[in-house]
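Below is one structure, written out as structure tokens, with a few remarks after it.
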Amino acid sequence: MSAGLLGGVSLLASLFFSVLGLAFSGLAYRFRDTRYLEAAKRAAPLVFAGLAAAFLALEWALITHDFSVKYVALHHSVKDPLWVTLVTPWAALEGSILLWATLQSLYTWLVSRAAGKQLDVWRAPIALATLFGIQVFFVSVMVFMVNPFTAVAQPPLDGNGPNPLLQNHWMMAVHPVLMYLGFVGLSVPFAYAVSSMVVRRYQSWVHETRFWTLVAWGFLTAAIFAGGWWSYEVLGWGGYWAFDPVENASIIPWFLATAFLHTVQVQERRGLFKAWNFSFITLAFAATVFGTFLTRSGVIQSVHAFASGPIGVVFLGFLLLVLIVGFGLLSKVSAELKDAGEIRFNSREGALLGGALLFGTFAFVILVGTLWPLVVEAASGAKVSVGAPFFFQVSIPLGVALLLLMGAGPVLPWRNAGTQVRRNLFYMGLSLGLGTGAGLALGLSLGVSLALGLFLYNLAAVALMFSQGIAERGTSLKISALQAFLELAATNKRRFGSHVVHVGVALAGLAIAVSQTYRIESEKTLRLSEVWNVAGLEVRLLPLTLQEESNRQAIIAPLKVRSTSRLSWGAGGSYQPRLNFYPSSRTPLAAPHVRYSLFNDYYFVLQEFDRDKGAWATIRLIVTPMVLWLWISGALIALGTLYLLLPNAAGFKKGATAPSA
Amino acid sequence: MIQVTVFFQAGFKMAERKTTPRDSLVSWLPRAAAIAVGVVALLFSGALAQASVGPPPDLSPEVFQIAKTLRCPVCQGESAAESNSGVATEMRRIIAEQLAQGKTAGEIRQFFVARYGDWILYEPPKRGLTLWVWFSPLVGLGVLALVLWRYLAAARSRSVGADNVSTEELERAEASLSSKTEDQ
């Protein structure tokens with residue numbers, strides 16, 4: 001049996017079982033019969049098995065160079081190194097939808113295990129029907145439109161291999177998978193929300209989906225940081241974020257999911273805000289579909305090809321379906337969602353709602369900015385661009401407001417802030433003022449000074465909360481401060497983990513402000529052994545070398561660098577920026593050489609070289625401070641999220657067994 | 001070098017002459033064709049330039065500051081500072097030349113706007129239809145705040161004298177209480 005046939009049959013089988021699962025879930029809901037539910041639950045692992053088999057079949061076809069499969073013929077070459085071959089399934093459209101569907105079926109399977117237990121028999125049929133429905137959509141798209149196993153009549157002897165940009169760095173193996181895990185994961189809280197609205201039990205789902213939302217959010221966050229680092233390492237422009245439409249498509253669901261993560265706490269604690277939570281999760285899940293539509297349909301890159309590809313139309317239809325289901329149900333039950341309660345501004349819930357307001361606004365601004373060129377063109381025919389300079393400017397006030405709330409929120413108690421928090425807020429305000437003042441006194445820009453102040457303000461908030469917790473515990477239990485700290489961290493994972501995440505975010509804010517403000521970039525054509533004095537460095541070009549590799553050739557421009565100033569200490573040594581030439585691409589790809597440091601990153605790019613005699617090379621140097629801290633903050637956020645996901649101490653165990661089982 | 005600039009400006013002029021937006025949806029076709037011709041001419045001349053004329057000029061940090069705010073016309077979402085396409089390289093060269101002639105950043109941007117239109121600017125101008133995009137944060141915040149305020153007012157008015165713990169929440173609390181006692 002050939003890999004192509006196995007893959008095609010597995011896809012059909014998984015489509016069959018998805019439809020079956022959907023049908024049994026529907027029957028279980030219609031006839032209130034758990035035997036149907038049991039049948040639907042059994043379909044879930046079969047769908048996963050079918051898709052996993054299809055995915056492995058694609059890998060097998062790639063590894064065995066089976067060029068009779070069109071996907072392999074188009075995106076693979078016998079010269080590809082093994083790791084490139086293994087990641088080729090998500091290097092193009094058909095394979096990425098297969099990966100998406102496979103991960104979706106994994107989530108569906110995990111959720112189905114909770115059905116009838118943590119997810120009660122009333123809601124389980126609807127939640128499973130939602131997930132099976134999503135599954136049917138993705139598998140149908142593959143079977144009927146973009147089948148990864150389409151055959152070619154006359155197989156070529158060799159193919160072109162994947163897009164060179166995708167084989168230039170090992171992050172290709174990490175970032176897309178994380179992104180899909182994040183996108184797909186948001187379907188689980190969405191399915192729970194749908195089932196809660198259908199069954200009209202509006203409260204339990206927010207407790208039960210906390211785990212799933214955090215998993216999806218953690219993957220999404222990790223994916224965004226990984227993507228930034230990948231772009232920094234590979235693209236040769238020394239930046240990590242450019243607000244281009246594809247990046248915006250990933251950050252919009254992130255903002256909405258973040259808003260949701262914060263507002264569910266208001267519902268968990270006080271039973272308020274139910275309709276908002278339904279809205280936020282519907283929008284967050286819809287935004288993942290919208291992102292796929294935006295990046296896969298060609299709407300944005302080429303304005304005139306609006307929905308010309310078949311994929312664009314079906315994703316647009318699916319997006320509308322998600323919105324109609326989510327908001328249709330919400331409007332049907334809205335009469336029952338009349339919350340009663342008072343929320344004061346200076347309370348925990350007040351800060352959480354303020355945060356949600358800002359996250360929602362952020363998502364709105366990025367959506368409008370991304371789509372505005374289309375609106376303007378439709379309205380007047382004029383072409384305009386809305387790019388990074390716009391987004392960075394509007395992000396500043398929103399970011400500052402968010403960082404202020406992030407520090408104050410956890411310090412404020414629920415319901416009503418008493419006088420006891422005034423002292424804490426005073427010390428935090430003092431840190432903010434001192435940090436900003438110190439920055440200004442040192443001659444830093446206003447924005448960077450404010451970012452420094454806000455970082456210290458947030459550190460002060462966390463430090464005050466810890467020191468008070470430790471002091472109380474230490475005196476009442478008569479234990480040492482260290483022991484009190486460890487006990488606090490172990491018993492209140494939720495609070496401790498979120499503090500770690502918040503410190504990470506504050507650090508990211510500072511790193512972004514500094515690296516965006518104080519980046520310098522210069523370019524010079526150097527002759528052999530000519531000396532370039534720049535940014536406290538003495539750069540000398542050594543003779544160019546040619547390197548042959550299995551899938552590419554490389555020109556390397558070895559640089560000898562000496563540090564001549566105290567500021568550039570540690571930047572000396574040798575650098576090997578290179579240009580990689582892939583057979584499938586006319587233009588070479590630059591691979592920068594970066595020296596990371598806690599202060600400045602030194603980033604050398606080979607731009608051009610003398611193709612006749614190798615007598616000169618054009619070198620670009622980008623010096624950016626504090627970029628390393630951005631990656632450190634990403635690691636902190638990931639670790640904090642991981643800590644939040646650890647099962648809590650006894651007592652909550654009963655509710656938490658299902659997802660972790 | 002001269003050769004390249006001539007080709008480049010020829011490309012610009014062709015694009016300019018044939019660009020008549022606002023009349024029909026298909027007006028982009030001649031425009032795109034003209035740009036494509038200009039680009040091909042550029043790439044070709046770029047290749048010639050590399051063979052005969054010599055290395056690219058040195059670029060100061062100011063060049064990149066300006067190039068970052070300009071779109072690379074042939075790329076998918078890259079600025080003229082980032083892209084290594086022939087057009088972007090040429091734009092950086094023109095920026096460096098004009099800086100050397102003593103022009104300001106604003107004048108240099110105007111030079112490109114005159115040739116490509118506002119589309120070349122990554123920061124949309126604060127007038128006409130693109131003024132609205134600058135208002136989007138206020139619009140978004142305003143609308144959301146209004147909806148939130150109305151929600152809070154309604155919730156507060158309902159809460160007066162009401163028992164604001166739902167039966168579902170009570171059940172949950174009771175269930176978790178009894179499960180805790182089972183665990184111990």
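Letters A, B, ... go to the chains of the structure tokens in the order shown; residues in each chain start at 1; ligands are counted from 1 in the same order.
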Rows by chain and residue number, chain B within 7 Å of chain A, shortest pair, only C-alpha atoms, as a Markdown table:
| residue | atom | partner | partner_atom | distance |
| --- | --- | --- | --- | --- |
| B:Pro21 | CA | A:Gly381 | CA | 6.0 |
| B:Arg22 | CA | A:Gly381 | CA | 4.7 |
| B:Pro55 | CA | A:Thr525 | CA | 6.7 |
| B:Pro56 | CA | A:Thr525 | CA | 6.8 |
| B:Pro57 | CA | A:Thr525 | CA | 6.9 |
| B:Asp58 | CA | A:Lys524 | CA | 4.3 |
| B:Leu59 | CA | A:Glu523 | CA | 4.8 |
| B:Ser60 | CA | A:Ser522 | CA | 5.1 |
| B:Pro61 | CA | A:Glu521 | CA | 5.0 |
| B:Phe64 | CA | A:Glu521 | CA | 6.7 |
| B:Thr69 | CA | A:Pro389 | CA | 6.7 |
| B:Gln76 | CA | A:Gln301 | CA | 5.9 |
| B:Gly77 | CA | A:Asp244 | CA | 5.9 |
| B:Glu82 | CA | A:Trp237 | CA | 5.2 |
| B:Asp118 | CA | A:Val384 | CA | 5.7 |
| B:Trp119 | CA | A:Val384 | CA | 4.0 |
| B:Ile120 | CA | A:Ser385 | CA | 6.9 |
| B:Leu121 | CA | A:Ser385 | CA | 6.3 |
| B:Tyr122 | CA | A:Gly387 | CA | 4.5 |
| B:Glu123 | CA | A:Phe390 | CA | 5.1 |
| B:Pro124 | CA | A:Val386 | CA | 5.6 |
| B:Leu129 | CA | A:Val376 | CA | 6.4 |
| B:Val133 | CA | A:Gly369 | CA | 6.3 |
| B:Ser136 | CA | A:Val365 | CA | 5.7 |
| B:Pro137 | CA | A:Val365 | CA | 5.6 |
| B:Gly140 | CA | A:Thr361 | CA | 5.1 |
| B:Leu141 | CA | A:Thr361 | CA | 5.4 |
| B:Leu144 | CA | A:Leu357 | CA | 6.4 |
| B:Ala145 | CA | A:Leu357 | CA | 6.9 |
| B:Leu152 | CA | A:Ile343 | CA | 7.0 |
| B:Ala155 | CA | A:Ala340 | CA | 4.3 |
| B:Arg156 | CA | A:Glu342 | CA | 4.7 |
| B:Arg158 | CA | A:Ala340 | CA | 4.9 |
| B:Ser159 | CA | A:Ala340 | CA | 4.3 |
| B:Asn164 | CA | A:Ala340 | CA | 6.0 |
| B:Glu168 | CA | A:Gln203 | CA | 6.9 |
| B:Glu169 | CA | A:Gln203 | CA | 6.9 |
| B:Lys180 | CA | A:Gly651 | CA | 5.1 |
| B:Asp183 | CA | A:Gly651 | CA | 6.9 |
Write the residues of the preceding selection, restricted to N, CA and C atoms, as a compact mmCIF listing (two decimals), in the first residue's frame.
# COMPACT_ATOMS: atom_id res chain seq x y z
N PRO B 21 -6.36 55.94 -10.49
CA PRO B 21 -7.27 55.26 -9.59
C PRO B 21 -8.60 55.98 -9.56
N ARG B 22 -9.52 55.48 -8.81
CA ARG B 22 -10.84 56.06 -8.60
C ARG B 22 -11.80 55.81 -9.75
N PRO B 55 30.17 48.34 -5.68
CA PRO B 55 29.40 48.02 -4.47
C PRO B 55 28.37 49.09 -4.14
N PRO B 56 27.36 48.70 -3.32
CA PRO B 56 26.36 49.67 -2.87
C PRO B 56 26.98 50.71 -1.96
N PRO B 57 26.33 51.86 -1.80
CA PRO B 57 26.90 52.93 -0.97
C PRO B 57 26.76 52.61 0.51
N ASP B 58 27.48 53.35 1.32
CA ASP B 58 27.37 53.17 2.77
C ASP B 58 26.10 53.86 3.26
N LEU B 59 25.47 53.24 4.25
CA LEU B 59 24.20 53.77 4.73
C LEU B 59 24.31 54.09 6.21
N SER B 60 23.94 55.32 6.55
CA SER B 60 24.00 55.74 7.95
C SER B 60 22.71 55.34 8.66
N PRO B 61 22.72 55.39 10.00
CA PRO B 61 21.49 55.06 10.74
C PRO B 61 20.29 55.90 10.30
N PHE B 64 18.21 54.34 7.59
CA PHE B 64 17.31 53.27 8.02
C PHE B 64 16.10 53.83 8.74
N THR B 69 10.01 53.73 7.52
CA THR B 69 8.64 54.26 7.44
C THR B 69 8.06 54.14 6.03
N GLN B 76 5.92 41.65 0.20
CA GLN B 76 4.71 41.36 0.96
C GLN B 76 4.92 41.81 2.39
N GLY B 77 4.58 43.06 2.65
CA GLY B 77 4.63 43.56 4.02
C GLY B 77 6.00 43.73 4.60
N GLU B 82 14.02 46.81 5.50
CA GLU B 82 14.24 45.38 5.72
C GLU B 82 14.51 44.62 4.45
N ASP B 118 0.22 58.00 -1.30
CA ASP B 118 0.27 57.80 0.15
C ASP B 118 0.55 56.35 0.53
N TRP B 119 0.25 55.46 -0.40
CA TRP B 119 0.41 54.03 -0.16
C TRP B 119 1.81 53.67 0.30
N ILE B 120 2.82 54.48 -0.13
CA ILE B 120 4.21 54.15 0.20
C ILE B 120 4.50 54.39 1.69
N LEU B 121 3.67 55.20 2.36
CA LEU B 121 3.90 55.53 3.77
C LEU B 121 3.29 54.47 4.66
N TYR B 122 4.09 53.92 5.59
CA TYR B 122 3.55 52.95 6.53
C TYR B 122 2.72 53.62 7.61
N GLU B 123 3.00 54.90 7.83
CA GLU B 123 2.20 55.63 8.80
C GLU B 123 1.14 56.39 8.02
N PRO B 124 -0.13 55.99 8.11
CA PRO B 124 -1.14 56.61 7.26
C PRO B 124 -1.30 58.09 7.59
N LEU B 129 -9.82 59.64 4.83
CA LEU B 129 -10.30 58.37 5.36
C LEU B 129 -9.33 57.74 6.35
N VAL B 133 -8.57 55.87 11.13
CA VAL B 133 -7.85 54.77 11.74
C VAL B 133 -7.10 55.26 12.98
N SER B 136 -9.33 55.04 15.86
CA SER B 136 -9.84 53.73 16.23
C SER B 136 -9.64 53.38 17.72
N PRO B 137 -8.50 53.75 18.35
CA PRO B 137 -8.40 53.40 19.78
C PRO B 137 -9.49 54.09 20.60
N GLY B 140 -12.89 52.41 19.79
CA GLY B 140 -12.98 51.09 20.43
C GLY B 140 -13.17 51.23 21.92
N LEU B 141 -12.34 52.06 22.54
CA LEU B 141 -12.42 52.23 24.00
C LEU B 141 -13.77 52.84 24.37
N LEU B 144 -16.69 50.22 23.87
CA LEU B 144 -16.62 49.17 24.90
C LEU B 144 -16.95 49.73 26.28
N ALA B 145 -16.45 50.93 26.56
CA ALA B 145 -16.69 51.53 27.88
C ALA B 145 -18.17 51.83 28.05
N LEU B 152 -22.89 47.62 33.88
CA LEU B 152 -22.66 47.78 35.32
C LEU B 152 -23.83 48.49 35.98
N ALA B 155 -26.65 45.99 36.27
CA ALA B 155 -26.36 44.98 37.29
C ALA B 155 -26.51 45.56 38.68
N ARG B 156 -26.10 46.82 38.83
CA ARG B 156 -26.21 47.44 40.15
C ARG B 156 -27.67 47.63 40.53
N ARG B 158 -30.16 45.96 39.61
CA ARG B 158 -30.80 44.68 39.93
C ARG B 158 -30.37 44.14 41.27
N SER B 159 -29.17 44.55 41.70
CA SER B 159 -28.59 43.92 42.90
C SER B 159 -29.23 44.42 44.18
N ASN B 164 -27.80 37.61 45.42
CA ASN B 164 -27.05 37.49 44.17
C ASN B 164 -26.18 36.23 44.08
N GLU B 168 -27.26 27.60 40.94
CA GLU B 168 -26.20 26.77 40.37
C GLU B 168 -24.92 26.93 41.17
N GLU B 169 -24.64 28.17 41.56
CA GLU B 169 -23.43 28.45 42.31
C GLU B 169 -23.53 27.80 43.69
N LYS B 180 -14.81 17.80 49.55
CA LYS B 180 -13.65 18.03 50.41
C LYS B 180 -13.70 17.11 51.62
N ASP B 183 -12.68 13.69 50.71
CA ASP B 183 -11.25 13.53 50.50
C ASP B 183 -10.49 13.33 51.80
**Report entry** Close residues, region 478-492 of chain A itself excluded, 12 Å, only C-alpha atoms, min 2 positions apart in chain, as a ChimeraX atom specification
**Finding:** /A:463,465-476,494-500,640,643-652
Query raised in the report: Hey, what does DSSP flag as alpha helix (DSSP H) within region 79-300 of chain A? Can you give it to me as an MDAnalysis selection string?
Result: chainID A and resid 82:87 93:114 124:140 175:185 187:199 204:208 210:234 245:270 274:297
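For the pair CA of Ile396 (chain A) and CA of Phe219 (chain A), the separation is 25.3 Å.
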Can you list, as an mmCIF file with C-alpha atoms, in the first residue's frame, every protein, DNA or RNA residue that comes within 8 Å of Thr108 (chain A) when you count only C-alpha atoms, leaving out same-chain residues fewer than 3 positions away?
data_model
loop_
_atom_site.group_PDB
_atom_site.id
_atom_site.type_symbol
_atom_site.label_atom_id
_atom_site.label_comp_id
_atom_site.auth_asym_id
_atom_site.auth_seq_id
_atom_site.Cartn_x
_atom_site.Cartn_y
_atom_site.Cartn_z
ATOM 1 C CA ALA A 44 -13.273 10.632 19.130
ATOM 2 C CA GLN A 104 -7.951 19.430 16.812
ATOM 3 C CA SER A 105 -8.843 15.738 16.957
ATOM 4 C CA VAL A 111 -12.335 16.452 26.034
ATOM 5 C CA SER A 112 -14.405 13.364 25.219
ATOM 6 C CA LEU A 128 -18.776 17.118 21.634
ATOM 7 C CA LEU A 131 -15.926 19.864 18.453
ATOM 8 C CA PHE A 132 -16.965 17.143 15.987
ATOM 9 C CA VAL A 188 -12.391 23.715 23.705
#
**Report entry** Contacts of Tyr192 (chain A) at 12 Å (only C-alpha atoms; same-chain gap of 2+ positions) as a ChimeraX atom specification
**Finding:** /A:108,111-112,114-115,118-120,122-131,185-190,194-210,212-213,277-278,281-282,326
Output file for the selection above: N, CA and C atoms, as a short mmCIF file (atom, residue, chain, number, x, y, z; two decimals), in the first residue's frame:
data_model
loop_
_atom_site.label_atom_id
_atom_site.label_comp_id
_atom_site.auth_asym_id
_atom_site.auth_seq_id
_atom_site.Cartn_x
_atom_site.Cartn_y
_atom_site.Cartn_z
N THR A 108 -10.18 17.07 20.86
CA THR A 108 -11.54 16.51 20.93
C THR A 108 -11.52 15.21 21.74
N VAL A 111 -11.09 15.94 25.45
CA VAL A 111 -12.33 16.45 26.03
C VAL A 111 -13.35 15.32 26.18
N SER A 112 -13.39 14.43 25.18
CA SER A 112 -14.40 13.36 25.22
C SER A 112 -14.21 12.47 26.44
N ALA A 114 -13.58 13.48 29.34
CA ALA A 114 -14.22 14.10 30.50
C ALA A 114 -15.74 14.02 30.41
N ALA A 115 -16.25 13.66 29.23
CA ALA A 115 -17.71 13.65 29.04
C ALA A 115 -18.35 12.62 29.95
N GLN A 118 -16.60 15.06 34.58
CA GLN A 118 -16.56 16.49 34.91
C GLN A 118 -17.50 17.27 34.01
N LEU A 119 -17.55 16.88 32.74
CA LEU A 119 -18.48 17.51 31.80
C LEU A 119 -19.77 16.69 31.86
N ASP A 120 -20.82 17.25 32.50
CA ASP A 120 -21.99 16.42 32.81
C ASP A 120 -22.71 15.95 31.55
N TRP A 122 -25.52 16.33 30.47
CA TRP A 122 -26.43 17.25 29.78
C TRP A 122 -25.68 18.08 28.77
N ARG A 123 -24.50 18.57 29.19
CA ARG A 123 -23.76 19.46 28.29
C ARG A 123 -22.85 18.70 27.34
N ALA A 124 -22.39 17.49 27.77
CA ALA A 124 -21.39 16.78 26.97
C ALA A 124 -21.80 16.58 25.51
N PRO A 125 -23.07 16.19 25.22
CA PRO A 125 -23.40 15.99 23.81
C PRO A 125 -23.19 17.24 22.96
N ILE A 126 -23.55 18.41 23.53
CA ILE A 126 -23.42 19.64 22.75
C ILE A 126 -21.96 20.02 22.58
N ALA A 127 -21.18 19.90 23.67
CA ALA A 127 -19.76 20.24 23.58
C ALA A 127 -19.09 19.34 22.55
N LEU A 128 -19.39 18.03 22.60
CA LEU A 128 -18.78 17.12 21.63
C LEU A 128 -19.27 17.41 20.22
N ALA A 129 -20.57 17.73 20.09
CA ALA A 129 -21.10 18.03 18.75
C ALA A 129 -20.37 19.23 18.17
N THR A 130 -20.10 20.25 19.01
CA THR A 130 -19.38 21.43 18.52
C THR A 130 -18.00 21.03 18.02
N LEU A 131 -17.28 20.24 18.83
CA LEU A 131 -15.93 19.86 18.45
C LEU A 131 -15.93 18.95 17.22
N GLY A 185 -6.57 25.03 20.51
CA GLY A 185 -6.98 24.86 21.90
C GLY A 185 -8.14 25.75 22.29
N LEU A 186 -8.27 26.91 21.64
CA LEU A 186 -9.36 27.81 21.99
C LEU A 186 -10.72 27.24 21.60
N SER A 187 -10.72 26.18 20.76
CA SER A 187 -12.01 25.59 20.40
C SER A 187 -12.64 24.88 21.60
N VAL A 188 -11.83 24.46 22.57
CA VAL A 188 -12.39 23.72 23.70
C VAL A 188 -13.24 24.62 24.60
N PRO A 189 -12.70 25.76 25.10
CA PRO A 189 -13.59 26.63 25.88
C PRO A 189 -14.79 27.10 25.05
N PHE A 190 -14.59 27.29 23.74
CA PHE A 190 -15.72 27.70 22.91
C PHE A 190 -16.80 26.62 22.93
N VAL A 194 -20.66 26.98 24.21
CA VAL A 194 -21.84 26.67 23.41
C VAL A 194 -22.75 25.72 24.18
N SER A 195 -22.13 24.66 24.76
CA SER A 195 -22.96 23.68 25.46
C SER A 195 -23.64 24.33 26.67
N SER A 196 -22.95 25.25 27.34
CA SER A 196 -23.56 25.88 28.52
C SER A 196 -24.74 26.73 28.12
N MET A 197 -24.63 27.40 26.96
CA MET A 197 -25.74 28.25 26.54
C MET A 197 -26.93 27.39 26.10
N VAL A 198 -26.64 26.26 25.44
CA VAL A 198 -27.74 25.40 24.99
C VAL A 198 -28.47 24.81 26.19
N VAL A 199 -27.69 24.34 27.17
CA VAL A 199 -28.29 23.65 28.31
C VAL A 199 -28.72 24.65 29.40
N ARG A 200 -28.33 25.88 29.24
CA ARG A 200 -28.71 26.96 30.16
C ARG A 200 -28.17 26.75 31.57
N ARG A 201 -26.94 26.28 31.65
CA ARG A 201 -26.23 26.30 32.94
C ARG A 201 -25.03 27.19 32.70
N TYR A 202 -25.09 28.39 33.27
CA TYR A 202 -24.17 29.42 32.81
C TYR A 202 -22.92 29.56 33.66
N GLN A 203 -22.81 28.79 34.73
CA GLN A 203 -21.73 29.08 35.65
C GLN A 203 -20.58 28.07 35.60
N SER A 204 -20.90 26.78 35.59
CA SER A 204 -19.84 25.78 35.81
C SER A 204 -18.73 25.83 34.76
N TRP A 205 -19.10 26.17 33.51
CA TRP A 205 -18.10 26.06 32.45
C TRP A 205 -16.88 26.93 32.68
N VAL A 206 -17.05 28.07 33.35
CA VAL A 206 -15.88 28.93 33.52
C VAL A 206 -14.85 28.29 34.46
N HIS A 207 -15.34 27.49 35.43
CA HIS A 207 -14.39 26.79 36.30
C HIS A 207 -13.72 25.66 35.53
N GLU A 208 -14.55 24.96 34.75
CA GLU A 208 -14.03 23.76 34.09
C GLU A 208 -13.08 24.06 32.93
N THR A 209 -13.27 25.20 32.26
CA THR A 209 -12.43 25.43 31.09
C THR A 209 -11.19 26.24 31.41
N ARG A 210 -11.01 26.62 32.68
CA ARG A 210 -9.84 27.41 33.01
C ARG A 210 -8.56 26.71 32.55
N TRP A 212 -8.18 24.50 30.14
CA TRP A 212 -8.05 24.48 28.67
C TRP A 212 -7.68 25.84 28.11
N THR A 213 -8.29 26.88 28.66
CA THR A 213 -7.98 28.22 28.16
C THR A 213 -6.52 28.54 28.44
N ASN A 277 -18.31 36.88 29.05
CA ASN A 277 -17.41 35.74 28.87
C ASN A 277 -17.80 34.92 27.66
N PHE A 278 -19.12 34.74 27.47
CA PHE A 278 -19.56 34.04 26.26
C PHE A 278 -19.09 34.80 25.02
N ILE A 281 -15.09 34.55 24.47
CA ILE A 281 -14.55 33.28 23.98
C ILE A 281 -15.00 33.03 22.54
N THR A 282 -16.24 33.46 22.21
CA THR A 282 -16.68 33.32 20.82
C THR A 282 -15.78 34.15 19.91
N GLY A 326 -22.28 31.36 18.13
CA GLY A 326 -21.95 31.96 19.42
C GLY A 326 -22.92 33.06 19.80
#
Requested in this report: Find the residues near Leu464 (chain A): any atom within 10 Å, counting only C-alpha atoms, skip ones fewer than 3 places away on the same chain, and give them as a list in words.
Outcome: Val411, Arg423, Asn424, Leu425, Tyr427, Met428, Asn458, Leu459, Ala460, Ala461, Ser467, Gln468, Gly469 and Ile470 of chain A
Give me a file of those residues, with C-alpha atoms, as an mmCIF file, in the first residue's frame.
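This went into result-v7.cif:
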data_model
loop_
_atom_site.group_PDB
_atom_site.id
_atom_site.type_symbol
_atom_site.label_atom_id
_atom_site.label_comp_id
_atom_site.auth_asym_id
_atom_site.auth_seq_id
_atom_site.Cartn_x
_atom_site.Cartn_y
_atom_site.Cartn_z
ATOM 1 C CA VAL A 411 -3.003 44.322 45.099
ATOM 2 C CA ARG A 423 0.069 51.964 51.725
ATOM 3 C CA ASN A 424 0.859 49.408 48.992
ATOM 4 C CA LEU A 425 -0.426 51.667 46.239
ATOM 5 C CA TYR A 427 4.855 52.454 47.542
ATOM 6 C CA MET A 428 4.035 51.342 44.014
ATOM 7 C CA ASN A 458 5.028 46.129 38.917
ATOM 8 C CA LEU A 459 8.014 44.595 40.702
ATOM 9 C CA ALA A 460 7.078 46.583 43.799
ATOM 10 C CA ALA A 461 3.501 45.268 43.610
ATOM 11 C CA SER A 467 6.540 40.162 51.741
ATOM 12 C CA GLN A 468 3.154 40.645 53.430
ATOM 13 C CA GLY A 469 2.121 37.061 52.751
ATOM 14 C CA ILE A 470 5.425 35.769 54.102
#
Report task. Taking the chain letters and numbering used in this document, name the residues of region 395-542 of chain A that DSSP puts in strand (DSSP E or B), as a PyMOL selection string. Result -> chain A and resi 520-527+531-534+537-541
Expected file: the selected residues, N, CA and C atoms, as a short mmCIF file (atom, residue, chain, number, x, y, z; two decimals), in the first residue's frame:
data_model
loop_
_atom_site.label_atom_id
_atom_site.label_comp_id
_atom_site.auth_asym_id
_atom_site.auth_seq_id
_atom_site.Cartn_x
_atom_site.Cartn_y
_atom_site.Cartn_z
N ILE A 520 20.29 50.93 16.77
CA ILE A 520 20.95 51.62 15.66
C ILE A 520 21.36 50.62 14.59
N GLU A 521 21.38 51.12 13.39
CA GLU A 521 21.55 50.26 12.24
C GLU A 521 22.44 51.02 11.26
N SER A 522 23.46 50.37 10.74
CA SER A 522 24.38 51.01 9.80
C SER A 522 24.81 50.01 8.76
N GLU A 523 25.18 50.51 7.61
CA GLU A 523 25.62 49.59 6.56
C GLU A 523 26.85 50.18 5.89
N LYS A 524 27.84 49.32 5.61
CA LYS A 524 29.04 49.82 4.93
C LYS A 524 29.63 48.72 4.06
N THR A 525 30.15 49.15 2.91
CA THR A 525 30.85 48.21 2.06
C THR A 525 32.32 48.21 2.46
N LEU A 526 32.80 47.04 2.87
CA LEU A 526 34.18 46.93 3.35
C LEU A 526 35.04 46.24 2.31
N ARG A 527 36.23 46.79 2.05
CA ARG A 527 37.20 46.06 1.24
C ARG A 527 37.99 45.15 2.19
N VAL A 531 39.17 48.74 7.81
CA VAL A 531 38.66 48.83 9.17
C VAL A 531 37.46 49.78 9.22
N TRP A 532 36.41 49.31 9.88
CA TRP A 532 35.18 50.13 10.02
C TRP A 532 34.99 50.41 11.49
N ASN A 533 35.05 51.70 11.84
CA ASN A 533 34.83 52.07 13.23
C ASN A 533 33.38 52.46 13.41
N VAL A 534 32.65 51.64 14.15
CA VAL A 534 31.22 51.90 14.30
C VAL A 534 30.76 51.39 15.66
N LEU A 537 33.05 49.72 17.96
CA LEU A 537 33.68 48.50 17.47
C LEU A 537 34.65 48.84 16.35
N GLU A 538 35.62 47.94 16.17
CA GLU A 538 36.53 48.05 15.05
C GLU A 538 36.32 46.77 14.24
N VAL A 539 35.68 46.90 13.07
CA VAL A 539 35.30 45.73 12.29
C VAL A 539 36.24 45.59 11.10
N ARG A 540 36.79 44.38 10.93
CA ARG A 540 37.71 44.14 9.82
C ARG A 540 37.22 42.93 9.03
N LEU A 541 37.22 43.07 7.70
CA LEU A 541 36.73 41.99 6.84
C LEU A 541 37.87 41.07 6.44
#
Considering only C-alpha atoms, return as a short mmCIF file (atom, residue, chain, number, x, y, z; two decimals) with N, CA and C atoms, in the first residue's frame whatever protein or nucleic-acid residues lie within 9 Å of Ser83 (chain B), sequence-local ones (same chain, fewer than 6 positions apart) excluded.
data_model
loop_
_atom_site.label_atom_id
_atom_site.label_comp_id
_atom_site.auth_asym_id
_atom_site.auth_seq_id
_atom_site.Cartn_x
_atom_site.Cartn_y
_atom_site.Cartn_z
N TRP A 237 16.73 41.39 9.47
CA TRP A 237 16.47 42.82 9.64
C TRP A 237 16.56 43.22 11.10
N CYS B 72 8.17 48.77 1.00
CA CYS B 72 8.87 48.27 -0.19
C CYS B 72 7.77 47.88 -1.18
N CYS B 75 7.23 44.08 -2.18
CA CYS B 75 7.33 43.00 -1.18
C CYS B 75 5.99 42.76 -0.54
N THR B 89 16.61 48.19 -2.17
CA THR B 89 18.02 48.59 -2.18
C THR B 89 18.15 49.95 -2.85
#
**Report entry** Atom-to-atom span, CA of Gly218 (chain A) and CA of Ile637 (chain A), Å
**Finding:** 8.2 Å
